[in-house]
>>> print(open('my_file-v4.pdb').read())   # PDB, C-alpha atoms
ATOM      1  CA  MET G  10     -10.740  11.333  35.836
ATOM      2  CA  ASP G  11      -7.400   9.519  36.024
ATOM      3  CA  LYS G  12      -5.354   7.352  33.680
ATOM      4  CA  SER G  13      -7.488   4.304  34.465
ATOM      5  CA  ASP G  14     -10.211   5.980  32.414
ATOM      6  CA  VAL G  15      -8.135   5.572  29.250
ATOM      7  CA  THR G  16     -10.147   2.627  27.936
ATOM      8  CA  LEU G  17      -9.645   0.724  24.698
ATOM      9  CA  GLU G  18     -13.130   1.738  23.573
ATOM     10  CA  ARG G  19     -12.344   5.427  23.968
ATOM     11  CA  MET G  20      -8.963   4.930  22.334
ATOM     12  CA  ARG G  21     -10.509   3.213  19.293
ATOM     13  CA  THR G  22     -13.066   6.000  18.954
ATOM     14  CA  PHE G  23     -10.331   8.631  19.096
ATOM     15  CA  VAL G  24      -8.235   6.838  16.455
ATOM     16  CA  ARG G  25     -11.145   6.668  14.004
ATOM     17  CA  VAL G  26     -12.101  10.323  14.561
ATOM     18  CA  ALA G  27      -8.481  11.402  14.078
ATOM     19  CA  GLU G  28      -8.372   9.420  10.815
ATOM     20  CA  ARG G  29     -11.770  10.372   9.418
ATOM     21  CA  GLY G  30     -12.040  13.917  10.748
ATOM     22  CA  ASN G  31     -15.799  13.638  11.092
ATOM     23  CA  LEU G  32     -17.763  12.778  14.238
ATOM     24  CA  SER G  33     -20.997  11.768  12.522
ATOM     25  CA  ALA G  34     -19.173   9.478  10.074
ATOM     26  CA  VAL G  35     -17.445   7.676  12.940
ATOM     27  CA  ALA G  36     -20.728   7.407  14.842
ATOM     28  CA  ARG G  37     -22.324   5.691  11.829
ATOM     29  CA  GLU G  38     -19.298   3.409  11.451
ATOM     30  CA  LEU G  39     -19.437   2.357  15.115
ATOM     31  CA  GLY G  40     -23.212   2.114  15.226
ATOM     32  CA  VAL G  41     -23.628   4.633  18.061
ATOM     33  CA  GLY G  42     -25.011   8.133  18.405
ATOM     34  CA  GLN G  43     -22.840  11.164  17.774
ATOM     35  CA  SER G  44     -23.337  12.199  21.390
ATOM     36  CA  THR G  45     -21.681   8.936  22.472
ATOM     37  CA  VAL G  46     -18.659   9.662  20.292
ATOM     38  CA  THR G  47     -18.433  13.207  21.658
ATOM     39  CA  ARG G  48     -18.647  11.951  25.254
ATOM     40  CA  GLN G  49     -15.962   9.293  24.720
ATOM     41  CA  LEU G  50     -13.595  11.870  23.229
ATOM     42  CA  ARG G  51     -14.219  14.312  26.070
ATOM     43  CA  GLU G  52     -13.626  11.617  28.682
ATOM     44  CA  LEU G  53     -10.402  10.499  26.961
ATOM     45  CA  GLU G  54      -9.054  14.062  26.789
ATOM     46  CA  GLU G  55      -9.876  14.560  30.479
ATOM     47  CA  ALA G  56      -8.095  11.317  31.352
ATOM     48  CA  VAL G  57      -4.997  12.145  29.258
ATOM     49  CA  GLY G  58      -4.934  15.720  30.450
ATOM     50  CA  VAL G  59      -4.356  17.512  27.130
ATOM     51  CA  PRO G  60      -6.552  18.500  24.161
ATOM     52  CA  LEU G  61      -6.233  15.787  21.501
ATOM     53  CA  LEU G  62      -8.513  17.209  18.821
ATOM     54  CA  SER G  63      -9.151  20.619  17.330
ATOM     55  CA  ARG G  64     -12.781  21.113  16.318
ATOM     56  CA  THR G  65     -14.162  23.449  13.663
ATOM     57  CA  THR G  66     -17.627  23.610  12.109
ATOM     58  CA  ARG G  67     -16.452  21.465   9.174
ATOM     59  CA  ARG G  68     -13.729  19.164  10.414
ATOM     60  CA  VAL G  69     -12.019  17.635  13.424
ATOM     61  CA  THR G  70      -8.208  17.424  13.286
ATOM     62  CA  PRO G  71      -5.625  16.160  15.787
ATOM     63  CA  THR G  72      -3.671  18.703  17.791
ATOM     64  CA  GLU G  73       0.108  18.328  17.870
ATOM     65  CA  GLU G  74      -0.260  16.273  21.044
ATOM     66  CA  GLY G  75      -3.152  14.370  19.472
ATOM     67  CA  ALA G  76      -1.082  13.397  16.429
ATOM     68  CA  ARG G  77       1.620  11.915  18.669
ATOM     69  CA  TYR G  78      -0.995  10.182  20.809
ATOM     70  CA  HIS G  79      -2.737   8.784  17.710
ATOM     71  CA  ALA G  80       0.484   7.128  16.493
ATOM     72  CA  GLN G  81       0.943   5.441  19.872
ATOM     73  CA  CYS G  82      -2.722   4.390  20.062
ATOM     74  CA  VAL G  83      -2.503   2.694  16.659
ATOM     75  CA  GLN G  84       0.429   0.611  17.884
ATOM     76  CA  ILE G  85      -1.286  -0.232  21.173
ATOM     77  CA  LEU G  86      -4.515  -1.340  19.476
ATOM     78  CA  ARG G  87      -2.539  -3.434  16.992
ATOM     79  CA  LEU G  88      -0.772  -5.185  19.869
ATOM     80  CA  VAL G  89      -4.108  -5.782  21.589
ATOM     81  CA  ASP G  90      -5.488  -7.421  18.427
ATOM     82  CA  GLN G  91      -2.371  -9.529  18.029
ATOM     83  CA  ALA G  92      -2.469 -10.604  21.664
ATOM     84  CA  GLY G  93      -6.026 -11.822  21.167
ATOM     85  CA  ASP G  94      -4.949 -13.733  18.070
ATOM     86  CA  GLU G  95      -2.130 -15.429  19.962
ATOM     87  CA  ALA G  96      -4.459 -16.343  22.811
ATOM     88  CA  ARG G  97      -6.790 -18.008  20.304
ATOM     89  CA  GLY G  98      -3.964 -20.096  18.902
ATOM     90  CA  GLY G  99      -1.997 -18.077  16.377
ATOM     91  CA  GLY G 100      -4.886 -17.555  13.991
ATOM     92  CA  GLN G 101      -6.547 -20.960  14.277
ATOM     93  CA  GLY G 102      -9.397 -19.358  16.164
ATOM     94  CA  ALA G 103      -9.159 -15.949  14.504
ATOM     95  CA  ALA G 104     -12.219 -13.764  14.976
ATOM     96  CA  GLY G 105     -13.346 -10.230  14.270
ATOM     97  CA  THR G 106     -14.189  -8.222  11.163
ATOM     98  CA  ILE G 107     -12.062  -7.456   8.099
ATOM     99  CA  ARG G 108     -12.902  -4.452   5.944
ATOM    100  CA  LEU G 109     -12.123  -5.106   2.274
ATOM    101  CA  SER G 110     -12.457  -2.670  -0.632
ATOM    102  CA  CYS G 111     -12.605  -4.088  -4.153
ATOM    103  CA  THR G 112     -13.099  -2.954  -7.734
ATOM    104  CA  ALA G 113     -16.885  -3.205  -8.121
ATOM    105  CA  ALA G 114     -17.454  -5.495 -11.105
ATOM    106  CA  LEU G 115     -14.705  -7.914 -10.092
ATOM    107  CA  GLY G 116     -16.110  -8.009  -6.576
ATOM    108  CA  VAL G 117     -19.580  -8.906  -7.820
ATOM    109  CA  ARG G 118     -18.431 -11.470 -10.386
ATOM    110  CA  HIS G 119     -15.725 -13.324  -8.464
ATOM    111  CA  ILE G 120     -14.282 -11.896  -5.245
ATOM    112  CA  SER G 121     -17.531 -12.148  -3.281
ATOM    113  CA  ARG G 122     -17.644 -15.909  -3.905
ATOM    114  CA  LEU G 123     -14.030 -16.268  -2.799
ATOM    115  CA  LEU G 124     -14.938 -14.462   0.408
ATOM    116  CA  PHE G 125     -17.821 -16.875   1.016
ATOM    117  CA  ALA G 126     -15.348 -19.767   0.751
ATOM    118  CA  PHE G 127     -12.978 -17.973   3.136
ATOM    119  CA  GLN G 128     -15.739 -17.528   5.712
ATOM    120  CA  ASP G 129     -16.686 -21.193   5.402
ATOM    121  CA  ARG G 130     -13.138 -21.961   6.565
ATOM    122  CA  HIS G 131     -13.173 -19.256   9.249
ATOM    123  CA  PRO G 132     -16.754 -18.897  10.527
ATOM    124  CA  ASP G 133     -15.821 -16.412  13.276
ATOM    125  CA  ILE G 134     -14.428 -13.837  10.842
ATOM    126  CA  GLY G 135     -16.794 -11.199   9.504
ATOM    127  CA  ILE G 136     -16.302  -9.457   6.161
ATOM    128  CA  ASP G 137     -17.319  -5.858   5.442
ATOM    129  CA  LEU G 138     -17.039  -5.623   1.636
ATOM    130  CA  ASN G 139     -16.923  -2.207  -0.015
ATOM    131  CA  LEU G 140     -17.447  -2.316  -3.802
ATOM    132  CA  THR G 141     -16.206   0.805  -5.539
ATOM    133  CA  ASP G 142     -14.067   1.873  -8.487
ATOM    134  CA  GLU G 143     -12.972   4.995  -6.599
ATOM    135  CA  ARG G 144      -9.518   5.169  -5.030
ATOM    136  CA  VAL G 145     -10.446   5.259  -1.344
ATOM    137  CA  ASP G 146      -8.137   6.368   1.458
ATOM    138  CA  LEU G 147      -7.747   3.046   3.278
ATOM    139  CA  VAL G 148      -6.679   4.512   6.623
ATOM    140  CA  ARG G 149      -9.319   7.231   6.604
ATOM    141  CA  GLU G 150     -12.090   4.790   5.690
ATOM    142  CA  GLY G 151     -10.931   2.094   8.117
ATOM    143  CA  VAL G 152     -10.195  -0.423   5.340
ATOM    144  CA  ASP G 153      -7.729  -3.268   6.006
ATOM    145  CA  ILE G 154      -7.197  -4.520   2.430
ATOM    146  CA  ALA G 155      -7.994  -3.142  -1.026
ATOM    147  CA  LEU G 156      -8.020  -5.050  -4.333
ATOM    148  CA  ARG G 157      -7.384  -2.752  -7.273
ATOM    149  CA  LEU G 158      -6.973  -3.008 -11.040
ATOM    150  CA  GLY G 159      -4.487  -0.688 -12.700
ATOM    151  CA  PRO G 160      -1.199   0.960 -11.706
ATOM    152  CA  LEU G 161      -0.879   2.166  -8.115
ATOM    153  CA  THR G 162       1.365   4.815  -6.599
ATOM    154  CA  ASP G 163       0.532   4.954  -2.862
ATOM    155  CA  SER G 164       3.906   4.257  -1.225
ATOM    156  CA  THR G 165       2.532   4.374   2.339
ATOM    157  CA  LEU G 166       0.765   1.013   1.920
ATOM    158  CA  LYS G 167       2.075  -2.507   1.444
ATOM    159  CA  LEU G 168       1.576  -3.660  -2.135
ATOM    160  CA  LYS G 169       1.254  -7.324  -3.076
ATOM    161  CA  PRO G 170       0.942  -8.048  -6.831
ATOM    162  CA  LEU G 171      -1.695 -10.723  -7.503
ATOM    163  CA  GLY G 172      -1.375 -11.008 -11.262
ATOM    164  CA  ARG G 173      -2.386  -9.382 -14.527
ATOM    165  CA  SER G 174      -5.890  -9.348 -15.936
ATOM    166  CA  ARG G 175      -6.081 -10.504 -19.572
ATOM    167  CA  ARG G 176      -8.292  -8.501 -21.933
ATOM    168  CA  SER G 177      -9.674  -9.066 -25.432
ATOM    169  CA  LEU G 178     -11.961  -7.331 -27.880
ATOM    170  CA  MET G 179     -15.403  -8.945 -27.639
ATOM    171  CA  ALA G 180     -18.816  -8.642 -29.282
ATOM    172  CA  SER G 181     -22.011 -10.653 -29.570
ATOM    173  CA  PRO G 182     -22.649 -12.908 -32.603
ATOM    174  CA  ASP G 183     -25.747 -10.810 -33.324
ATOM    175  CA  TYR G 184     -23.701  -7.595 -33.576
ATOM    176  CA  LEU G 185     -21.093  -9.233 -35.812
ATOM    177  CA  ALA G 186     -23.819 -10.650 -38.084
ATOM    178  CA  ARG G 187     -25.343  -7.192 -38.497
ATOM    179  CA  ARG G 188     -22.194  -5.088 -38.777
ATOM    180  CA  GLY G 189     -19.603  -7.521 -40.094
ATOM    181  CA  ARG G 190     -16.524  -8.992 -38.472
ATOM    182  CA  PRO G 191     -13.396  -6.778 -38.467
ATOM    183  CA  ALA G 192     -10.494  -8.405 -40.320
ATOM    184  CA  ARG G 193      -7.813  -5.983 -39.133
ATOM    185  CA  PRO G 194      -7.522  -3.371 -36.355
ATOM    186  CA  GLN G 195      -8.134  -0.463 -38.725
ATOM    187  CA  ASP G 196     -11.626  -1.855 -39.491
ATOM    188  CA  LEU G 197     -12.644  -0.996 -35.909
ATOM    189  CA  ALA G 198     -12.930   2.661 -36.912
ATOM    190  CA  ASP G 199     -16.185   1.756 -38.699
ATOM    191  CA  HIS G 200     -17.706   0.036 -35.649
ATOM    192  CA  ASP G 201     -19.508   1.042 -32.452
ATOM    193  CA  ILE G 202     -17.063   0.673 -29.561
ATOM    194  CA  ILE G 203     -18.358   0.291 -26.001
ATOM    195  CA  ARG G 204     -16.249   2.751 -24.029
ATOM    196  CA  MET G 205     -15.632   3.244 -20.304
ATOM    197  CA  SER G 206     -16.281   6.869 -19.408
ATOM    198  CA  ASN G 207     -14.301   6.588 -16.158
ATOM    199  CA  VAL G 208     -11.135   5.231 -17.839
ATOM    200  CA  ALA G 209      -8.649   7.761 -19.175
ATOM    201  CA  GLY G 210      -7.866   7.332 -22.858
ATOM    202  CA  SER G 211     -10.881   5.152 -23.665
ATOM    203  CA  ASP G 212     -11.442   7.149 -26.882
ATOM    204  CA  MET G 213      -8.414   5.396 -28.349
ATOM    205  CA  LEU G 214      -8.033   1.614 -28.684
ATOM    206  CA  VAL G 215      -4.475   0.464 -28.020
ATOM    207  CA  LEU G 216      -3.869  -3.082 -29.288
ATOM    208  CA  HIS G 217      -0.843  -5.350 -29.188
ATOM    209  CA  GLY G 218      -0.322  -7.620 -32.188
ATOM    210  CA  PRO G 219       1.223 -11.089 -32.531
ATOM    211  CA  ASP G 220       4.731  -9.641 -32.930
ATOM    212  CA  ASN G 221       4.153  -7.304 -29.963
ATOM    213  CA  ASP G 222       3.627  -4.449 -32.399
ATOM    214  CA  GLN G 223       1.283  -1.742 -31.165
ATOM    215  CA  VAL G 224      -1.678  -0.375 -33.100
ATOM    216  CA  GLU G 225      -3.818   2.610 -32.089
ATOM    217  CA  VAL G 226      -7.315   3.040 -33.492
ATOM    218  CA  PRO G 227      -9.790   5.845 -32.630
ATOM    219  CA  ALA G 228     -12.784   4.464 -30.738
ATOM    220  CA  GLY G 229     -16.194   5.870 -31.581
ATOM    221  CA  GLY G 230     -19.679   4.797 -30.657
ATOM    222  CA  ARG G 231     -22.989   5.832 -29.160
ATOM    223  CA  PHE G 232     -22.682   4.141 -25.767
ATOM    224  CA  ARG G 233     -20.357   4.986 -22.891
ATOM    225  CA  VAL G 234     -20.663   3.631 -19.358
ATOM    226  CA  ASP G 235     -18.817   4.071 -16.060
ATOM    227  CA  HIS G 236     -19.264   0.542 -14.688
ATOM    228  CA  GLY G 237     -17.942  -2.812 -15.897
ATOM    229  CA  LEU G 238     -21.275  -4.565 -15.357
ATOM    230  CA  GLY G 239     -22.927  -1.993 -17.613
ATOM    231  CA  ALA G 240     -20.330  -2.664 -20.333
ATOM    232  CA  ARG G 241     -20.993  -6.399 -19.937
ATOM    233  CA  GLU G 242     -24.716  -5.890 -20.545
ATOM    234  CA  ALA G 243     -24.055  -3.660 -23.553
ATOM    235  CA  LEU G 244     -21.795  -6.235 -25.183
ATOM    236  CA  ALA G 245     -24.224  -9.090 -24.508
ATOM    237  CA  ALA G 246     -27.052  -6.998 -25.983
ATOM    238  CA  GLY G 247     -25.181  -6.487 -29.247
ATOM    239  CA  ARG G 248     -24.549  -2.766 -28.844
ATOM    240  CA  GLY G 249     -20.965  -2.874 -30.092
ATOM    241  CA  ILE G 250     -17.433  -4.179 -29.695
ATOM    242  CA  GLY G 251     -15.540  -3.577 -26.486
ATOM    243  CA  PRO G 252     -12.116  -4.144 -24.911
ATOM    244  CA  THR G 253     -12.981  -6.120 -21.809
ATOM    245  CA  HIS G 254     -11.577  -8.391 -19.102
ATOM    246  CA  HIS G 255     -11.979 -12.157 -19.445
ATOM    247  CA  TRP G 256     -13.162 -12.471 -15.816
ATOM    248  CA  LEU G 257     -16.040 -10.121 -16.648
ATOM    249  CA  MET G 258     -17.249 -12.156 -19.643
ATOM    250  CA  ASP G 259     -16.141 -15.743 -18.913
ATOM    251  CA  ASP G 260     -19.635 -17.228 -18.639
ATOM    252  CA  LEU G 261     -20.893 -15.352 -21.719
ATOM    253  CA  LEU G 262     -17.874 -16.565 -23.698
ATOM    254  CA  ALA G 263     -18.524 -20.156 -22.604
ATOM    255  CA  ASP G 264     -22.203 -19.898 -23.627
ATOM    256  CA  GLY G 265     -21.387 -18.343 -27.012
ATOM    257  CA  ARG G 266     -23.238 -15.137 -26.175
ATOM    258  CA  VAL G 267     -20.103 -13.131 -26.953
ATOM    259  CA  GLU G 268     -17.057 -13.911 -29.090
ATOM    260  CA  ILE G 269     -13.481 -12.694 -29.211
ATOM    261  CA  VAL G 270     -12.878 -10.276 -32.079
ATOM    262  CA  LEU G 271      -9.437  -9.985 -33.729
ATOM    263  CA  PRO G 272      -7.856 -12.668 -31.485
ATOM    264  CA  GLY G 273      -4.404 -11.763 -32.806
ATOM    265  CA  HIS G 274      -4.719  -8.223 -31.417
ATOM    266  CA  SER G 275      -5.625  -7.499 -27.819
ATOM    267  CA  PRO G 276      -5.493  -4.630 -25.329
ATOM    268  CA  PRO G 277      -2.571  -4.883 -22.895
ATOM    269  CA  PRO G 278      -3.272  -6.755 -19.647
ATOM    270  CA  VAL G 279      -3.994  -4.733 -16.505
ATOM    271  CA  PRO G 280      -2.057  -5.174 -13.227
ATOM    272  CA  PHE G 281      -4.104  -6.491 -10.305
ATOM    273  CA  ASN G 282      -2.760  -5.686  -6.843
ATOM    274  CA  MET G 283      -3.575  -6.027  -3.182
ATOM    275  CA  LEU G 284      -3.024  -2.983  -0.970
ATOM    276  CA  ILE G 285      -2.624  -3.574   2.755
ATOM    277  CA  VAL G 286      -2.556  -1.103   5.631
ATOM    278  CA  PRO G 287       0.818  -1.895   7.279
ATOM    279  CA  GLU G 288      -0.502  -1.629  10.825
ATOM    280  CA  ARG G 289      -3.155  -4.264  10.030
ATOM    281  CA  ALA G 290      -0.982  -6.745   8.162
ATOM    282  CA  GLY G 291       0.190  -8.547  11.307
ATOM    283  CA  ILE G 292      -3.299  -9.247  12.658
ATOM    284  CA  ALA G 293      -4.101 -12.940  12.269
ATOM    285  CA  ARG G 294      -7.496 -12.597  10.576
ATOM    286  CA  VAL G 295      -6.111 -10.057   8.074
ATOM    287  CA  ARG G 296      -3.056 -12.207   7.414
ATOM    288  CA  LEU G 297      -5.281 -15.242   6.804
ATOM    289  CA  LEU G 298      -7.291 -13.374   4.162
ATOM    290  CA  ILE G 299      -4.140 -12.002   2.496
ATOM    291  CA  ASP G 300      -2.752 -15.530   2.108
ATOM    292  CA  PHE G 301      -6.109 -16.932   0.999
ATOM    293  CA  LEU G 302      -6.590 -14.338  -1.740
ATOM    294  CA  ALA G 303      -3.004 -14.690  -2.947
ATOM    295  CA  ASP G 304      -3.687 -18.400  -3.515
ATOM    296  CA  ALA G 305      -7.234 -18.046  -4.891
ATOM    297  CA  VAL G 306      -7.036 -15.063  -7.256
ATOM    298  CA  PRO G 307      -4.946 -16.874  -9.948
ATOM    299  CA  GLY G 308      -7.941 -19.201 -10.378
ATOM    300  CA  ILE G 309     -10.124 -16.343 -11.624
ATOM    301  CA  PRO G 310     -10.604 -16.591 -15.417
ATOM    302  CA  GLY G 311      -8.054 -14.522 -17.306
ATOM    303  CA  MET G 312      -6.053 -13.655 -14.194
ATOM    304  CA  GLY G 313      -2.469 -14.792 -14.650
ATOM    305  CA  PRO G 314       1.076 -13.949 -13.634
TER     306      PRO G 314
END
>>> encode(input="my_file-v4.pdb", output="C-alpha cells")
Amino acid sequence: MDKSDVTLERMRTFVRVAERGNLSAVARELGVGQSTVTRQLRELEEAVGVPLLSRTTRRVTPTEEGARYHAQCVQILRLVDQAGDEARGGGQGAAGTIRLSCTAALGVRHISRLLFAFQDRHPDIGIDLNLTDERVDLVREGVDIALRLGPLTDSTLKLKPLGRSRRSLMASPDYLARRGRPARPQDLADHDIIRMSNVAGSDMLVLHGPDNDQVEVPAGGRFRVDHGLGAREALAAGRGIGPTHHWLMDDLLADGRVEIVLPGHSPPPVPFNMLIVPERAGIARVRLLIDFLADAVPGIPGMGP
C-alpha cells in the first residue's frame, strides 16, 4: 500500500477507535462488522507505515505515533466537514448528523420538541439524541453537544450557559388535603418528601426564603427515585411533597394537578449549560444547533437567566 490508501473512511474509523478504545463499540456505532473495522485499521497502518494502535485483550490504545496521528486526523476531518459546509453555502444547505446528549427528563419533556422544530428548518440534518443523567465523555462517545443541569467542571470543553432552572416545592391537592398544608419550612419534617436517589444531599431540603435567608430541613419519606419522570409521577399521584423543576411540572401546574407549597421558600435554581466539543463547534450544522438552542431554551417554562 502507499499513501493514496489513506482514505477518509479509514481515518474516521481510526479516530473513533482511538477515542473509544473498543473495536466492537465502534463497529456498532458505524453500523459495520468488527472485521471491517479491523481491516480498515490494518490497511491504514500499512499505508502510514507505523503501528498506530496497541491492542490488548481488553482495550485498544494509541501508540505514541498513533496519538500524534490522531490529533492531526481530527483537524483534517474537521476541515473536510467545514469545506463541505462552505460548498453548500455557509450552512444554508447544512447536512449530516449531530449527536446530542441531554439530561433525560428535560429531553423527553421539552428538548425533543425543540429538536423537531430545528429539523423542520433544516431537513437535511439528522439528530442522534442520547438521553441520560450520567456524565458521558463527549469525545469518547462521539457526542457533539451535551445539555446538562448542575455545576460542571470539564475545562477541556466549551461551555455556554443557557440559563438557570427554577425550582419549587410541589404536591398534589389530594396529598395536601390528606396530610395538611405546611405553613412554614419546619413543618416539612412531618411530611413525606419525594427524594432523588441520584442527587447528592437529597436527604436535606435547602430552601431560600423571601429575604434570601437559608433554611435546612431534614427530608424523610418512603419513596426515592433516580429519574425525574418518576418523581413527576409520584407527585401527581399524591405520594408526597417534592422539590422539583418547573419545566418538569408545567402542564400539571396549569391543570391544577399539583400546587406550589410554601411559595415564599424555594430550593435554589440549578444552572443549565451547553457543553460543546471544541473541534466540532466550527462545523456549520453543529453551529446552527448551538445558536438555535441558545435562542429557544429560555422559552422553556421556568428556565431563565
>>> closest_atom_pairs(input="my_file-v4.pdb", of="region 159-200 of chain G", to="region 263-275 of chain G", cutoff="9 Å", atoms="only C-alpha atoms", output="CSV")
residue,atom,partner,partner_atom,distance
G:Arg175,CA,G:Ser275,CA,8.8
G:Arg176,CA,G:Ser275,CA,6.5
G:Ser177,CA,G:Ser275,CA,5.0
G:Leu178,CA,G:Val270,CA,5.2
G:Met179,CA,G:Ile269,CA,4.5
G:Ala180,CA,G:Val267,CA,5.2
G:Ser181,CA,G:Val267,CA,4.1
G:Pro182,CA,G:Val267,CA,6.2
G:Asp183,CA,G:Arg266,CA,8.7
G:Arg190,CA,G:Val270,CA,7.5
G:Pro191,CA,G:Leu271,CA,7.0
G:Ala192,CA,G:Leu271,CA,6.9
G:Arg193,CA,G:Leu271,CA,6.9
G:Pro194,CA,G:Leu271,CA,7.4
>>> residues_around(input="my_file-v4.pdb", residues="Lys169 (chain G)", least_positions_apart="2", cutoff="8 Å", atoms="only C-alpha atoms", output="count of residues only")
6
>>> closest_residue(input="my_file-v4.pdb", among="G:Asp201, G:Asp222, G:Glu143, G:Glu150", to="Asp235 (chain G)", atoms="only C-alpha atoms")
G:Glu143
>>> closest_residue(input="my_file-v4.pdb", among="G:Val69, G:Val15, G:Ile107, G:Val208", to="Val35 (chain G)", atoms="all atoms listed in the file")
G:Val69
>>> resolve_selection(input="my_file-v4.pdb", expression="the PyMOL selection byres ((chain G and resi 78-89) around 8)", output="PyMOL selection string")
chain G and resi 17+20-21+23-24+27+61+74-77+90-93+288-289+292
>>> residues_around(input="my_file-v4.pdb", residues="Ile154 (chain G)", least_positions_apart="3", cutoff="12 Å", atoms="all atoms listed in the file", output="compact mmCIF listing (two decimals) with C-alpha atoms, in the coordinates of the input")
# COMPACT_ATOMS: atom_id res chain seq x y z
CA THR G 106 -14.19 -8.22 11.16
CA ILE G 107 -12.06 -7.46 8.10
CA ARG G 108 -12.90 -4.45 5.94
CA LEU G 109 -12.12 -5.11 2.27
CA SER G 110 -12.46 -2.67 -0.63
CA CYS G 111 -12.60 -4.09 -4.15
CA THR G 112 -13.10 -2.95 -7.73
CA ILE G 136 -16.30 -9.46 6.16
CA ASP G 137 -17.32 -5.86 5.44
CA LEU G 138 -17.04 -5.62 1.64
CA ASN G 139 -16.92 -2.21 -0.02
CA VAL G 145 -10.45 5.26 -1.34
CA ASP G 146 -8.14 6.37 1.46
CA LEU G 147 -7.75 3.05 3.28
CA VAL G 148 -6.68 4.51 6.62
CA GLU G 150 -12.09 4.79 5.69
CA GLY G 151 -10.93 2.09 8.12
CA ARG G 157 -7.38 -2.75 -7.27
CA LEU G 166 0.76 1.01 1.92
CA LYS G 167 2.08 -2.51 1.44
CA LEU G 168 1.58 -3.66 -2.13
CA LYS G 169 1.25 -7.32 -3.08
CA ASN G 282 -2.76 -5.69 -6.84
CA MET G 283 -3.58 -6.03 -3.18
CA LEU G 284 -3.02 -2.98 -0.97
CA ILE G 285 -2.62 -3.57 2.76
CA VAL G 286 -2.56 -1.10 5.63
CA PRO G 287 0.82 -1.90 7.28
CA GLU G 288 -0.50 -1.63 10.82
CA ARG G 289 -3.16 -4.26 10.03
CA ALA G 290 -0.98 -6.74 8.16
CA ILE G 292 -3.30 -9.25 12.66
CA ARG G 294 -7.50 -12.60 10.58
CA VAL G 295 -6.11 -10.06 8.07
CA ARG G 296 -3.06 -12.21 7.41
CA LEU G 297 -5.28 -15.24 6.80
CA LEU G 298 -7.29 -13.37 4.16
CA ILE G 299 -4.14 -12.00 2.50
CA ASP G 300 -2.75 -15.53 2.11
CA LEU G 302 -6.59 -14.34 -1.74
>>> atom_distance(input="my_file-v4.pdb", atom1="CA of Asp94 (chain G)", atom2="CA of Phe127 (chain G)")
17.5 Å
>>> resolve_selection(input="my_file-v4.pdb", expression="the PyMOL selection byres ((chain G and resi 51) around 12)", output="ChimeraX atom specification")
/G:10,14-15,19-20,22-23,44-50,52-64
>>> closest_residue(input="my_file-v4.pdb", among="G:Arg67, G:Arg149, G:Arg241, G:Arg231", to="Glu38 (chain G)", atoms="only C-alpha atoms")
G:Arg149
>>> resolve_selection(input="my_file-v4.pdb", expression="the PyMOL selection byres ((chain G and resi 278) around 7)", output="list of chain:residue names")
G:Arg173, G:Ser174, G:Arg175, G:Arg176, G:Pro276, G:Pro277, G:Val279, G:Pro280
>>> atom_distance(input="my_file-v4.pdb", atom1="CA of Arg29 (chain G)", atom2="CA of Thr141 (chain G)")
18.3 Å
>>> residues_near_point(input="my_file-v4.pdb", point="(-19.1, 7.5, -31.6)", cutoff="10 Å", atoms="all atoms listed in the file", output="PDB file with C-alpha atoms, in the frame of the given file")
ATOM      1  CA  ALA G 198     -12.930   2.661 -36.912  1.00  0.00           C
ATOM      2  CA  ASP G 199     -16.185   1.756 -38.699  1.00  0.00           C
ATOM      3  CA  HIS G 200     -17.706   0.036 -35.649  1.00  0.00           C
ATOM      4  CA  ASP G 201     -19.508   1.042 -32.452  1.00  0.00           C
ATOM      5  CA  ILE G 202     -17.063   0.673 -29.561  1.00  0.00           C
ATOM      6  CA  ILE G 203     -18.358   0.291 -26.001  1.00  0.00           C
ATOM      7  CA  ARG G 204     -16.249   2.751 -24.029  1.00  0.00           C
ATOM      8  CA  ASP G 212     -11.442   7.149 -26.882  1.00  0.00           C
ATOM      9  CA  PRO G 227      -9.790   5.845 -32.630  1.00  0.00           C
ATOM     10  CA  ALA G 228     -12.784   4.464 -30.738  1.00  0.00           C
ATOM     11  CA  GLY G 229     -16.194   5.870 -31.581  1.00  0.00           C
ATOM     12  CA  GLY G 230     -19.679   4.797 -30.657  1.00  0.00           C
ATOM     13  CA  ARG G 231     -22.989   5.832 -29.160  1.00  0.00           C
ATOM     14  CA  PHE G 232     -22.682   4.141 -25.767  1.00  0.00           C
ATOM     15  CA  ARG G 233     -20.357   4.986 -22.891  1.00  0.00           C
TER      16      ARG G 233
END
>>> atom_distance(input="my_file-v4.pdb", atom1="CA of Gly251 (chain G)", atom2="CA of Asn207 (chain G)")
14.5 Å
>>> closest_residue(input="my_file-v4.pdb", among="G:Gly40, G:Gly159, G:Gly172, G:Pro132", to="Ile309 (chain G)", atoms="all atoms listed in the file")
G:Gly172
>>> decode(input="my_file-v4.pdb", residues="region 14-31 of chain G", atoms="C-alpha atoms", output="PDB file, in the first residue's frame")
ATOM      1  CA  ASP G  14      -4.619   4.360   0.556  1.00  0.00           C
ATOM      2  CA  VAL G  15      -5.029   6.792   3.455  1.00  0.00           C
ATOM      3  CA  THR G  16      -8.750   7.326   2.887  1.00  0.00           C
ATOM      4  CA  LEU G  17     -11.122   9.497   4.891  1.00  0.00           C
ATOM      5  CA  GLU G  18     -13.178   6.424   5.766  1.00  0.00           C
ATOM      6  CA  ARG G  19     -10.178   4.665   7.279  1.00  0.00           C
ATOM      7  CA  MET G  20      -9.126   7.859   9.023  1.00  0.00           C
ATOM      8  CA  ARG G  21     -12.573   8.315  10.606  1.00  0.00           C
ATOM      9  CA  THR G  22     -12.568   4.704  11.781  1.00  0.00           C
ATOM     10  CA  PHE G  23      -9.131   5.135  13.340  1.00  0.00           C
ATOM     11  CA  VAL G  24     -10.164   8.339  15.141  1.00  0.00           C
ATOM     12  CA  ARG G  25     -13.216   6.686  16.710  1.00  0.00           C
ATOM     13  CA  VAL G  26     -11.252   3.591  17.777  1.00  0.00           C
ATOM     14  CA  ALA G  27      -8.528   5.776  19.299  1.00  0.00           C
ATOM     15  CA  GLU G  28     -11.208   7.699  21.224  1.00  0.00           C
ATOM     16  CA  ARG G  29     -13.373   4.782  22.320  1.00  0.00           C
ATOM     17  CA  GLY G  30     -10.694   2.131  22.778  1.00  0.00           C
ATOM     18  CA  ASN G  31     -13.063  -0.628  21.729  1.00  0.00           C
TER      19      ASN G  31
END
